[in-house]
Amino acid sequence: MLSVHRRFALVGAATATLTLLAAGLPAAADDARPALSRFYDQKVTWAACEGEGMPEDLQCGKVTVPLDYARPGGDTLDLALARYRATGRSRGSVLLNFGGPGGAGVPGLAADGKDFMGLTDGYDVVTFDPRGVGRSSPVSCGDGMNEIFGTAAADTDVQAALKAVEKAADACAAHSGAVLPHIGTVDAARDMDVIRQALGDKKLNYLGFSYGTRLGAVYAAQFPGRTGRMVLDGVDTLTEPITEQGRAGAAGQQTALDGFIAWCAKNMACPFGQDRRSAGERMGRLVRSLDESPVTSAFGQEFSGQDLVGAIGQALYSREMWPVLEQSLALLVQDGDPRGLAQLYGGASLPATSTPVRQRPRQDGGLVDVEDVPLDNLPAALMAVNCADDPDRPGAEEVARQVAGLRAAYQEASPVFGRYRLAQVLMCYGRPKGTDYIREKVRDVPAPKMLLVGTRGDPATPYRWTVETARRLGPSAVVLDNRGEGHTGYASSKCVHRKVDDFLLYGALPADGSSCGPEDTDGY
C-alpha cells in the first residue's frame with residue numbers, strides 16, 4: 001500500500017473558503033447551486049491510459065472541479081482518474097485513496113491493481129490524483145525541500161531551523177501556483193463528491209488507507225446522505241494536534257522497530273547480534289554515531305543518523321521489507337555503505353539537481369504530463385495538506401518552548417525516532433493557519449455503517465487512533481481489530497482483505513470489535 005510519511009504560502013483566497021465551509025452550509029444543497037451545476041453535470045470520458053508501463057486494461061479520464069469552492073465561477077482544476085472496469089455486472093464504482101497525503105492514485109492503481117481485482121466482481125475500481133498531487137496541478141517546493149530535509153533535525157537550534165522552514169515555505173509558494181491555498185482535505189472531500197456524480201453513482205463507495213481515512217471521514221461528515229459503503233484502513237487521527245501526532249508516531253514506530261529487532265535477533269545474519277536487548281542498544285548507538293560522524297551517500301551527500309532513522313521508518317511500513325532492511329543495515333554496519341538504506345529512504349535527501357524547478361507554475365488547471373510531475377511532489381503535498389488541516393500556528397517563541405518541553409517526552413516515546421519526529425512540530429511554521437473544520441465538525445456523523453480497520457503493530461497510525469476516531473464518528477463506526485504488523489491491513493492480511501471485500505461487495509459487516517489474528521498476516 002502506498003502510504004509514505006516523510007516529513008507554505010499564498011494566504012489570499014483561503015480565508016473565504018475556510019470560513020464558508022466552517023459555517024456549515026448544507027452539503028446536500030451544494031450541487032443545486034447554479035454556479036456548481038456545471039461541475040455536477042459532467043461525465044467522465046474514459047480511454048486507455050497512456051504512458052510506459054500502464055496496464056492495457058487500465059482506463060484513464062479526468063473531472064473538472066472549482067479551484068475555490070467559495071468562487072465556483074472562477075478558475076478550475078482537472079483531476080486525473082483511472083479505473084479497472086467491473087468484470088461482471090457492475091453496481092457502480094468504489095473509489096480508492098492510497099494515503100499520504102500526497103500519494104497519487106493513478107500510478108498507485110497501475111502498480112498495485114492486482115490487490116483490488118476481487119472488487120471488480122461488482123464494481124468499477126476507480127482512483128484519482130487529488131488536487132495538488134500527481135498530474136492534478138502538483139505542488140512543489142523546488143530546492144526548498146532540500147532546505148527542509150537539511151534542517152529538520154536541527155532541534156538544538158530551533159530558531160535557525162524555523163528560519164529555514166519559513167524560507168522553504170516561500171519556495172513552496174513560488175513553485176506551487178494557485179492550488180496551494182486550496183489543497184486541504186476539506187476541498188479534496190468536496191472533489192470526491194463531484195467525482196461520485198461524474199461516475200453516475202448516487203452514493204460514494206470508498207476504500208481509503210492511512211491519510212485516506214481522514215479524507216473519507218471528512219466526506220462522510222460533509223455528505224452523510226451520499227455516503228455508501230465506506231472502509232477506512234489504518235485510521236488517522238481527527239483531533240490530535242501536530243505535537244501529539246509526532247509523539248504518537250514515534251511511539252508507534254518504536255513498537256514496530258522492537259518487533260523488527262526481535263525478528264532480526266533470531267537470525268544469524270542480524271548485524272546487531274542475537275541478543276534482543278543488546279541489539280536494540282546497538283541500533284541506538286549506530287544512530288547517534290552517524291549523527292556525530294555521517295558517512296557519504298551515493299549522491300555524494302552525507303548520510304546521517306537521522307537519514308538512517310528515516311530509512312528504517314520507511315521499511316517498517318511492511319513486514320515484507322524486514323529482510324531488505326536487515327541486509328541494508330548489514331551493508332552499513334559491516335562495510336560502511338549506506339546505499340541500500342538511502343534507497344529505502346526514497347530520496348528524502350534529494351540532491352539539489354534532482355528536483356525539477358518550475359519557475360512558472362502551470363496556471364490553467366489542466367493535467368500535467370507525467371514527466372512534469374516534480375520529484376518532490378509527495379513530501380511537498382504531504383506538508384501542504386497536513387498544514388492546511390491544522391489550525392494551530394504558534395509563534396517562534398512558543399514553538400521553541402514546545403520543542404524544549406516535548407524533547408523528553410519524544411525521547412521517552414522512542415529513543416530512536418523521538419528526535420526525528422520532533423521536527424514535525426516545526427513543519428507548519430510560516431504557513432497560513434489551517435482549517436478547524438476537521439477538529440470541530442467531524443463528529444457524530446449520521447452516515448450509514450462504515451468499517452474502520454486498525455492494526456496493532458502499525459508504525460504510522462496507532463491502533464488507539466482507530467478506537468478514538470470510531471468513538472468520535474459515533475454509532476456508524478464499526479471497528480475491525482487486526483492483530484498483525486505493518487501499516488494498514490488490506491494488502492497484508494487475508495482475513496482483513498476478505499472482510500473488507502465482503503462488506504464492499506455484499507454489505508456484510510463484521511461485528512464491532514471483532515478481530516483478525518496475526519497468523520492471518522503473512523503474505524497475502
# chains A, B, ... in the order shown; residues from 1 in each chain; ligands from 1

call {"tool": "residues_around", "arguments": {"residues": "Glu326 of chain A", "least_positions_apart": "2", "cutoff": "12 Å", "atoms": "only C-alpha atoms", "output": "PyMOL selection string"}}
result
chain A and resi 257+260-273+283+311-312+315-316+319-324+328-334+340-341+344

call {"tool": "select_by_dssp", "arguments": {"residues": "segment 57-232 of chain A", "states": "helix (DSSP H, G or I)", "output": "PyMOL selection string"}}
result
chain A and resi 105-121+144-151+158-182+185-198+211-222+224-226

call {"tool": "atom_distance", "arguments": {"atom1": "atom CA of Leu204 of chain A", "atom2": "atom CA of Met230 of chain A"}}
result
7.8 Å

call {"tool": "select_by_dssp", "arguments": {"residues": "segment 202-426 of chain A", "states": "strand (DSSP E)", "output": "PyMOL selection string"}}
result
chain A and resi 204-209+227-233+295-296+302-303

call {"tool": "write_last_selection", "arguments": {"atoms": "all heavy atoms", "output": "compact mmCIF listing (two decimals), in the first residue's frame"}}
result
# COMPACT_ATOMS: atom_id res chain seq x y z
N LEU A 204 -21.38 7.33 -2.61
CA LEU A 204 -19.95 7.08 -2.74
C LEU A 204 -19.57 5.83 -1.96
O LEU A 204 -19.69 5.79 -0.73
CB LEU A 204 -19.15 8.27 -2.22
CG LEU A 204 -17.63 8.10 -2.28
CD1 LEU A 204 -17.14 8.29 -3.72
CD2 LEU A 204 -16.91 9.06 -1.34
N ASN A 205 -19.13 4.80 -2.67
CA ASN A 205 -18.49 3.65 -2.03
C ASN A 205 -16.99 3.90 -2.05
O ASN A 205 -16.43 4.31 -3.07
CB ASN A 205 -18.83 2.37 -2.80
CG ASN A 205 -20.33 2.14 -2.87
OD1 ASN A 205 -21.01 2.07 -1.84
ND2 ASN A 205 -20.87 2.05 -4.08
N TYR A 206 -16.33 3.62 -0.93
CA TYR A 206 -14.99 4.18 -0.75
C TYR A 206 -14.12 3.25 0.07
O TYR A 206 -14.57 2.64 1.06
CB TYR A 206 -15.11 5.53 -0.04
CG TYR A 206 -13.81 6.23 0.24
CD1 TYR A 206 -13.14 6.92 -0.76
CD2 TYR A 206 -13.27 6.25 1.52
CE1 TYR A 206 -11.94 7.60 -0.50
CE2 TYR A 206 -12.08 6.92 1.80
CZ TYR A 206 -11.42 7.59 0.78
OH TYR A 206 -10.25 8.25 1.05
N LEU A 207 -12.84 3.14 -0.32
CA LEU A 207 -11.81 2.42 0.42
C LEU A 207 -10.60 3.34 0.54
O LEU A 207 -9.94 3.63 -0.46
CB LEU A 207 -11.45 1.12 -0.29
CG LEU A 207 -10.28 0.29 0.25
CD1 LEU A 207 -10.47 -0.04 1.73
CD2 LEU A 207 -10.12 -0.98 -0.57
N GLY A 208 -10.32 3.80 1.77
CA GLY A 208 -9.23 4.73 1.99
C GLY A 208 -8.22 4.18 2.96
O GLY A 208 -8.58 3.54 3.97
N PHE A 209 -6.95 4.42 2.68
CA PHE A 209 -5.86 3.93 3.51
C PHE A 209 -5.12 5.10 4.15
O PHE A 209 -4.83 6.10 3.50
CB PHE A 209 -4.87 3.12 2.66
CG PHE A 209 -5.48 1.93 1.99
CD1 PHE A 209 -5.92 2.01 0.67
CD2 PHE A 209 -5.63 0.74 2.67
CE1 PHE A 209 -6.50 0.92 0.05
CE2 PHE A 209 -6.20 -0.36 2.05
CZ PHE A 209 -6.64 -0.27 0.73
N THR A 227 -23.12 9.02 1.42
CA THR A 227 -22.10 8.04 1.78
C THR A 227 -22.67 6.64 1.65
O THR A 227 -23.71 6.32 2.22
CB THR A 227 -21.62 8.27 3.23
OG1 THR A 227 -21.06 9.59 3.33
CG2 THR A 227 -20.56 7.25 3.61
N GLY A 228 -21.98 5.81 0.87
CA GLY A 228 -22.38 4.42 0.71
C GLY A 228 -21.59 3.52 1.63
O GLY A 228 -21.46 3.78 2.82
N ARG A 229 -21.01 2.45 1.08
CA ARG A 229 -20.19 1.54 1.86
C ARG A 229 -18.77 2.10 1.94
O ARG A 229 -18.10 2.23 0.92
CB ARG A 229 -20.21 0.15 1.23
CG ARG A 229 -21.60 -0.48 1.24
CD ARG A 229 -21.67 -1.77 0.45
NE ARG A 229 -23.04 -2.26 0.41
CZ ARG A 229 -23.45 -3.29 -0.32
NH1 ARG A 229 -22.57 -3.94 -1.09
NH2 ARG A 229 -24.71 -3.66 -0.30
N MET A 230 -18.34 2.41 3.14
CA MET A 230 -17.07 3.09 3.34
C MET A 230 -16.17 2.27 4.25
O MET A 230 -16.60 1.85 5.32
CB MET A 230 -17.29 4.49 3.91
CG MET A 230 -16.02 5.28 4.19
SD MET A 230 -16.32 7.01 4.63
CE MET A 230 -16.73 7.71 3.02
N VAL A 231 -14.91 2.08 3.83
CA VAL A 231 -13.92 1.36 4.63
C VAL A 231 -12.72 2.28 4.85
O VAL A 231 -12.19 2.87 3.90
CB VAL A 231 -13.44 0.07 3.94
CG1 VAL A 231 -12.38 -0.63 4.79
CG2 VAL A 231 -14.62 -0.87 3.68
N LEU A 232 -12.29 2.39 6.10
CA LEU A 232 -11.14 3.21 6.48
C LEU A 232 -10.11 2.29 7.12
O LEU A 232 -10.34 1.74 8.20
CB LEU A 232 -11.57 4.32 7.46
CG LEU A 232 -12.80 5.14 7.05
CD1 LEU A 232 -13.13 6.18 8.13
CD2 LEU A 232 -12.59 5.81 5.71
N ASP A 233 -8.95 2.12 6.48
CA ASP A 233 -7.93 1.15 6.89
C ASP A 233 -6.64 1.89 7.26
O ASP A 233 -6.04 2.56 6.42
CB ASP A 233 -7.68 0.16 5.75
CG ASP A 233 -6.69 -0.94 6.11
OD1 ASP A 233 -6.25 -0.99 7.28
OD2 ASP A 233 -6.37 -1.75 5.23
N VAL A 295 28.36 9.23 7.18
CA VAL A 295 29.09 8.63 6.07
C VAL A 295 28.57 9.24 4.78
O VAL A 295 27.58 9.97 4.76
CB VAL A 295 28.92 7.10 6.05
CG1 VAL A 295 29.54 6.48 7.29
CG2 VAL A 295 27.45 6.70 5.93
N THR A 296 29.25 8.96 3.68
CA THR A 296 28.89 9.57 2.40
C THR A 296 27.90 8.68 1.65
O THR A 296 28.12 7.48 1.50
CB THR A 296 30.14 9.78 1.52
OG1 THR A 296 31.06 10.59 2.25
CG2 THR A 296 29.77 10.46 0.22
N GLU A 302 26.13 13.65 2.73
CA GLU A 302 26.31 12.97 4.00
C GLU A 302 25.06 12.17 4.35
O GLU A 302 23.94 12.63 4.14
CB GLU A 302 26.62 13.97 5.12
CG GLU A 302 27.99 14.61 5.00
CD GLU A 302 28.29 15.51 6.19
OE1 GLU A 302 27.33 15.94 6.87
OE2 GLU A 302 29.48 15.76 6.45
N PHE A 303 25.26 10.96 4.86
CA PHE A 303 24.17 10.12 5.34
C PHE A 303 24.28 10.07 6.85
O PHE A 303 25.20 9.46 7.41
CB PHE A 303 24.28 8.72 4.73
CG PHE A 303 23.09 7.83 5.03
CD1 PHE A 303 21.96 7.88 4.23
CD2 PHE A 303 23.11 6.96 6.11
CE1 PHE A 303 20.87 7.06 4.50
CE2 PHE A 303 22.04 6.15 6.39
CZ PHE A 303 20.90 6.20 5.58

call {"tool": "residues_around", "arguments": {"residues": "Glu371 of chain A", "least_positions_apart": "3", "cutoff": "10 Å", "atoms": "only C-alpha atoms", "output": "list in words"}}
result
Gly51, Arg135, Pro356, Val368, Pro374 and Leu375 of chain A

call {"tool": "write_last_selection", "arguments": {"atoms": "N, CA, C and O atoms", "output": "PDB file, in the first residue's frame"}}
result
ATOM      1  N   GLY A  51       1.279   6.041 -21.560  1.00  0.00           N
ATOM      2  CA  GLY A  51       2.497   6.058 -20.771  1.00  0.00           C
ATOM      3  C   GLY A  51       3.100   4.673 -20.641  1.00  0.00           C
ATOM      4  O   GLY A  51       2.404   3.650 -20.687  1.00  0.00           O
ATOM      5  N   ARG A 135      -0.635  14.277 -11.363  1.00  0.00           N
ATOM      6  CA  ARG A 135      -0.888  15.083 -12.552  1.00  0.00           C
ATOM      7  C   ARG A 135      -1.897  16.205 -12.299  1.00  0.00           C
ATOM      8  O   ARG A 135      -2.129  17.029 -13.190  1.00  0.00           O
ATOM      9  N   PRO A 356      12.902  18.866 -10.389  1.00  0.00           N
ATOM     10  CA  PRO A 356      12.585  19.860 -11.405  1.00  0.00           C
ATOM     11  C   PRO A 356      12.028  21.124 -10.756  1.00  0.00           C
ATOM     12  O   PRO A 356      11.117  21.056  -9.944  1.00  0.00           O
ATOM     13  N   VAL A 368      -1.032  17.910 -15.881  1.00  0.00           N
ATOM     14  CA  VAL A 368       0.346  17.996 -16.353  1.00  0.00           C
ATOM     15  C   VAL A 368       0.759  16.630 -16.900  1.00  0.00           C
ATOM     16  O   VAL A 368       0.168  15.598 -16.566  1.00  0.00           O
ATOM     17  N   PRO A 374       6.834  17.063 -10.392  1.00  0.00           N
ATOM     18  CA  PRO A 374       8.102  17.270  -9.672  1.00  0.00           C
ATOM     19  C   PRO A 374       8.437  16.078  -8.774  1.00  0.00           C
ATOM     20  O   PRO A 374       7.547  15.452  -8.185  1.00  0.00           O
ATOM     21  N   LEU A 375       9.711  15.770  -8.655  1.00  0.00           N
ATOM     22  CA  LEU A 375      10.132  14.647  -7.831  1.00  0.00           C
ATOM     23  C   LEU A 375       9.824  14.868  -6.354  1.00  0.00           C
ATOM     24  O   LEU A 375       9.708  13.904  -5.588  1.00  0.00           O
TER      25      LEU A 375
END

call {"tool": "residues_around", "arguments": {"residues": "Leu504 of chain A", "least_positions_apart": "5", "cutoff": "12 Å", "atoms": "only C-alpha atoms", "output": "mmCIF file with N, CA and C atoms, in the first residue's frame"}}
result
data_model
loop_
_atom_site.group_PDB
_atom_site.id
_atom_site.type_symbol
_atom_site.label_atom_id
_atom_site.label_comp_id
_atom_site.auth_asym_id
_atom_site.auth_seq_id
_atom_site.Cartn_x
_atom_site.Cartn_y
_atom_site.Cartn_z
ATOM 1 N N ARG A 91 -22.372 -2.679 -9.984
ATOM 2 C CA ARG A 91 -23.321 -1.936 -9.165
ATOM 3 C C ARG A 91 -22.867 -0.491 -8.990
ATOM 4 N N GLY A 92 -21.862 -0.091 -9.770
ATOM 5 C CA GLY A 92 -21.340 1.267 -9.687
ATOM 6 C C GLY A 92 -19.838 1.245 -9.502
ATOM 7 N N SER A 93 -19.328 2.190 -8.723
ATOM 8 C CA SER A 93 -17.887 2.349 -8.547
ATOM 9 C C SER A 93 -17.528 2.275 -7.075
ATOM 10 N N VAL A 94 -16.284 1.866 -6.800
ATOM 11 C CA VAL A 94 -15.680 2.040 -5.486
ATOM 12 C C VAL A 94 -14.441 2.899 -5.702
ATOM 13 N N LEU A 95 -14.349 3.984 -4.951
ATOM 14 C CA LEU A 95 -13.263 4.945 -5.109
ATOM 15 C C LEU A 95 -12.173 4.646 -4.090
ATOM 16 N N LEU A 96 -10.914 4.651 -4.527
ATOM 17 C CA LEU A 96 -9.776 4.357 -3.664
ATOM 18 C C LEU A 96 -8.921 5.600 -3.445
ATOM 19 N N PHE A 116 -6.759 -5.377 -5.875
ATOM 20 C CA PHE A 116 -8.155 -4.946 -5.853
ATOM 21 C C PHE A 116 -9.012 -5.642 -6.902
ATOM 22 N N GLY A 118 -10.456 -8.453 -6.857
ATOM 23 C CA GLY A 118 -11.657 -9.059 -6.299
ATOM 24 C C GLY A 118 -12.835 -8.114 -6.283
ATOM 25 N N LEU A 119 -12.570 -6.836 -6.123
ATOM 26 C CA LEU A 119 -13.648 -5.855 -6.087
ATOM 27 C C LEU A 119 -14.281 -5.632 -7.452
ATOM 28 N N THR A 120 -13.579 -6.007 -8.526
ATOM 29 C CA THR A 120 -14.172 -5.830 -9.858
ATOM 30 C C THR A 120 -15.289 -6.836 -10.115
ATOM 31 N N ASP A 121 -15.503 -7.779 -9.183
ATOM 32 C CA ASP A 121 -16.666 -8.658 -9.310
ATOM 33 C C ASP A 121 -17.966 -7.872 -9.251
ATOM 34 N N GLY A 122 -17.922 -6.707 -8.636
ATOM 35 C CA GLY A 122 -19.150 -5.927 -8.543
ATOM 36 C C GLY A 122 -19.000 -4.448 -8.813
ATOM 37 N N TYR A 123 -17.762 -3.973 -8.931
ATOM 38 C CA TYR A 123 -17.535 -2.532 -9.062
ATOM 39 C C TYR A 123 -16.539 -2.213 -10.170
ATOM 40 N N VAL A 125 -13.384 -0.217 -10.269
ATOM 41 C CA VAL A 125 -12.439 0.211 -9.227
ATOM 42 C C VAL A 125 -11.742 1.472 -9.729
ATOM 43 N N LEU A 204 -21.383 7.327 -2.608
ATOM 44 C CA LEU A 204 -19.953 7.076 -2.741
ATOM 45 C C LEU A 204 -19.572 5.830 -1.961
ATOM 46 N N ASN A 205 -19.129 4.800 -2.665
ATOM 47 C CA ASN A 205 -18.494 3.646 -2.035
ATOM 48 C C ASN A 205 -16.990 3.900 -2.049
ATOM 49 N N TYR A 206 -16.332 3.618 -0.933
ATOM 50 C CA TYR A 206 -14.985 4.176 -0.750
ATOM 51 C C TYR A 206 -14.122 3.246 0.073
ATOM 52 N N LEU A 207 -12.840 3.145 -0.323
ATOM 53 C CA LEU A 207 -11.809 2.421 0.424
ATOM 54 C C LEU A 207 -10.601 3.335 0.537
ATOM 55 N N GLY A 228 -21.980 5.807 0.873
ATOM 56 C CA GLY A 228 -22.384 4.422 0.713
ATOM 57 C C GLY A 228 -21.589 3.520 1.626
ATOM 58 N N ARG A 229 -21.014 2.452 1.079
ATOM 59 C CA ARG A 229 -20.195 1.540 1.864
ATOM 60 C C ARG A 229 -18.774 2.102 1.935
ATOM 61 N N MET A 230 -18.340 2.414 3.138
ATOM 62 C CA MET A 230 -17.066 3.094 3.335
ATOM 63 C C MET A 230 -16.173 2.272 4.255
ATOM 64 N N VAL A 231 -14.914 2.075 3.828
ATOM 65 C CA VAL A 231 -13.916 1.363 4.629
ATOM 66 C C VAL A 231 -12.719 2.283 4.848
ATOM 67 N N LEU A 232 -12.288 2.395 6.101
ATOM 68 C CA LEU A 232 -11.145 3.215 6.478
ATOM 69 C C LEU A 232 -10.107 2.294 7.115
ATOM 70 N N LYS A 449 -23.420 2.639 8.289
ATOM 71 C CA LYS A 449 -22.327 1.947 8.950
ATOM 72 C C LYS A 449 -21.077 1.960 8.073
ATOM 73 N N MET A 450 -19.940 2.247 8.687
ATOM 74 C CA MET A 450 -18.662 2.235 7.984
ATOM 75 C C MET A 450 -17.679 1.364 8.763
ATOM 76 N N LEU A 451 -16.759 0.704 8.048
ATOM 77 C CA LEU A 451 -15.820 -0.232 8.654
ATOM 78 C C LEU A 451 -14.467 0.431 8.861
ATOM 79 N N HIS A 497 -8.546 -8.613 4.302
ATOM 80 C CA HIS A 497 -8.900 -8.491 2.890
ATOM 81 C C HIS A 497 -10.288 -9.089 2.628
ATOM 82 N N ARG A 498 -10.522 -10.265 3.173
ATOM 83 C CA ARG A 498 -11.814 -10.937 2.963
ATOM 84 C C ARG A 498 -12.963 -10.158 3.590
ATOM 85 N N LYS A 499 -12.775 -9.680 4.806
ATOM 86 C CA LYS A 499 -13.853 -8.967 5.489
ATOM 87 C C LYS A 499 -14.159 -7.628 4.817
ATOM 88 N N LEU A 509 -21.115 -6.818 7.240
ATOM 89 C CA LEU A 509 -20.216 -6.195 8.206
ATOM 90 C C LEU A 509 -19.810 -7.182 9.286
ATOM 91 N N PRO A 510 -18.530 -7.208 9.669
ATOM 92 C CA PRO A 510 -18.161 -7.990 10.861
ATOM 93 C C PRO A 510 -18.716 -7.317 12.111
#

call {"tool": "residues_around", "arguments": {"residues": "segment 426-430 of chain A", "least_positions_apart": "2", "cutoff": "7 Å", "atoms": "only C-alpha atoms", "output": "PyMOL selection string"}}
result
chain A and resi 8+162+165-166+169+387+393+423-424+432

call {"tool": "residues_around", "arguments": {"residues": "Gln197 of chain A", "least_positions_apart": "6", "cutoff": "12 Å", "atoms": "only C-alpha atoms", "output": "mmCIF file with N, CA and C atoms, in the first residue's frame"}}
result
data_model
loop_
_atom_site.group_PDB
_atom_site.id
_atom_site.type_symbol
_atom_site.label_atom_id
_atom_site.label_comp_id
_atom_site.auth_asym_id
_atom_site.auth_seq_id
_atom_site.Cartn_x
_atom_site.Cartn_y
_atom_site.Cartn_z
ATOM 1 N N ASP A 31 -24.777 20.928 -4.860
ATOM 2 C CA ASP A 31 -24.836 20.761 -6.298
ATOM 3 C C ASP A 31 -26.075 21.396 -6.902
ATOM 4 N N SER A 37 -23.470 23.685 -10.724
ATOM 5 C CA SER A 37 -24.154 22.696 -11.561
ATOM 6 C C SER A 37 -23.292 22.249 -12.727
ATOM 7 N N ARG A 38 -22.449 23.115 -13.250
ATOM 8 C CA ARG A 38 -21.621 22.726 -14.395
ATOM 9 C C ARG A 38 -20.623 21.632 -14.015
ATOM 10 N N PHE A 39 -20.235 21.585 -12.750
ATOM 11 C CA PHE A 39 -19.319 20.541 -12.304
ATOM 12 C C PHE A 39 -20.065 19.236 -12.057
ATOM 13 N N TYR A 40 -21.277 19.342 -11.515
ATOM 14 C CA TYR A 40 -22.060 18.152 -11.218
ATOM 15 C C TYR A 40 -22.742 17.566 -12.454
ATOM 16 N N ASP A 41 -22.776 18.303 -13.542
ATOM 17 C CA ASP A 41 -23.403 17.800 -14.767
ATOM 18 C C ASP A 41 -22.433 17.048 -15.672
ATOM 19 N N GLN A 42 -21.147 17.057 -15.368
ATOM 20 C CA GLN A 42 -20.165 16.449 -16.277
ATOM 21 C C GLN A 42 -20.150 14.925 -16.158
ATOM 22 N N LYS A 43 -19.697 14.276 -17.199
ATOM 23 C CA LYS A 43 -19.489 12.838 -17.232
ATOM 24 C C LYS A 43 -18.039 12.569 -17.633
ATOM 25 N N VAL A 44 -17.514 11.448 -17.159
ATOM 26 C CA VAL A 44 -16.129 11.104 -17.442
ATOM 27 C C VAL A 44 -16.026 10.431 -18.804
ATOM 28 N N VAL A 63 -11.889 14.684 -14.299
ATOM 29 C CA VAL A 63 -13.030 15.535 -13.979
ATOM 30 C C VAL A 63 -12.493 16.932 -13.703
ATOM 31 N N THR A 64 -13.361 17.905 -13.817
ATOM 32 C CA THR A 64 -13.010 19.304 -13.552
ATOM 33 C C THR A 64 -13.729 19.758 -12.292
ATOM 34 N N VAL A 65 -13.005 20.439 -11.410
ATOM 35 C CA VAL A 65 -13.556 20.927 -10.143
ATOM 36 C C VAL A 65 -13.187 22.398 -9.973
ATOM 37 N N GLY A 92 -21.862 -0.091 -9.770
ATOM 38 C CA GLY A 92 -21.340 1.267 -9.687
ATOM 39 C C GLY A 92 -19.838 1.245 -9.502
ATOM 40 N N SER A 93 -19.328 2.190 -8.723
ATOM 41 C CA SER A 93 -17.887 2.349 -8.547
ATOM 42 C C SER A 93 -17.528 2.275 -7.075
ATOM 43 N N ARG A 190 -14.771 17.499 -1.070
ATOM 44 C CA ARG A 190 -15.789 18.033 -1.972
ATOM 45 C C ARG A 190 -15.512 17.613 -3.409
ATOM 46 N N ASP A 191 -14.237 17.515 -3.760
ATOM 47 C CA ASP A 191 -13.884 16.991 -5.085
ATOM 48 C C ASP A 191 -14.411 15.570 -5.262
ATOM 49 N N LYS A 203 -24.449 7.146 -4.479
ATOM 50 C CA LYS A 203 -23.709 7.203 -3.225
ATOM 51 C C LYS A 203 -22.255 6.832 -3.472
ATOM 52 N N LEU A 204 -21.383 7.327 -2.608
ATOM 53 C CA LEU A 204 -19.953 7.076 -2.741
ATOM 54 C C LEU A 204 -19.572 5.830 -1.961
ATOM 55 N N ASN A 205 -19.129 4.800 -2.665
ATOM 56 C CA ASN A 205 -18.494 3.646 -2.035
ATOM 57 C C ASN A 205 -16.990 3.900 -2.049
ATOM 58 N N ARG A 226 -24.977 10.916 1.164
ATOM 59 C CA ARG A 226 -24.416 10.396 -0.086
ATOM 60 C C ARG A 226 -23.312 9.371 0.165
#

call {"tool": "closest_residue", "arguments": {"among": "A:Ser278, A:Gln159, A:Asn377, A:Ser293", "to": "Cys141 of chain A", "atoms": "only C-alpha atoms"}}
result
A:Asn377

call {"tool": "closest_residue", "arguments": {"among": "A:Val179, A:Cys60, A:Ala380, A:Met145", "to": "Thr76 of chain A", "atoms": "only C-alpha atoms"}}
result
A:Val179

call {"tool": "residues_around", "arguments": {"residues": "Gly103 of chain A", "least_positions_apart": "2", "cutoff": "12 Å", "atoms": "only C-alpha atoms", "output": "PyMOL selection string"}}
result
chain A and resi 1-6+96-101+105-109+127-136+138+208-212+376-382+385
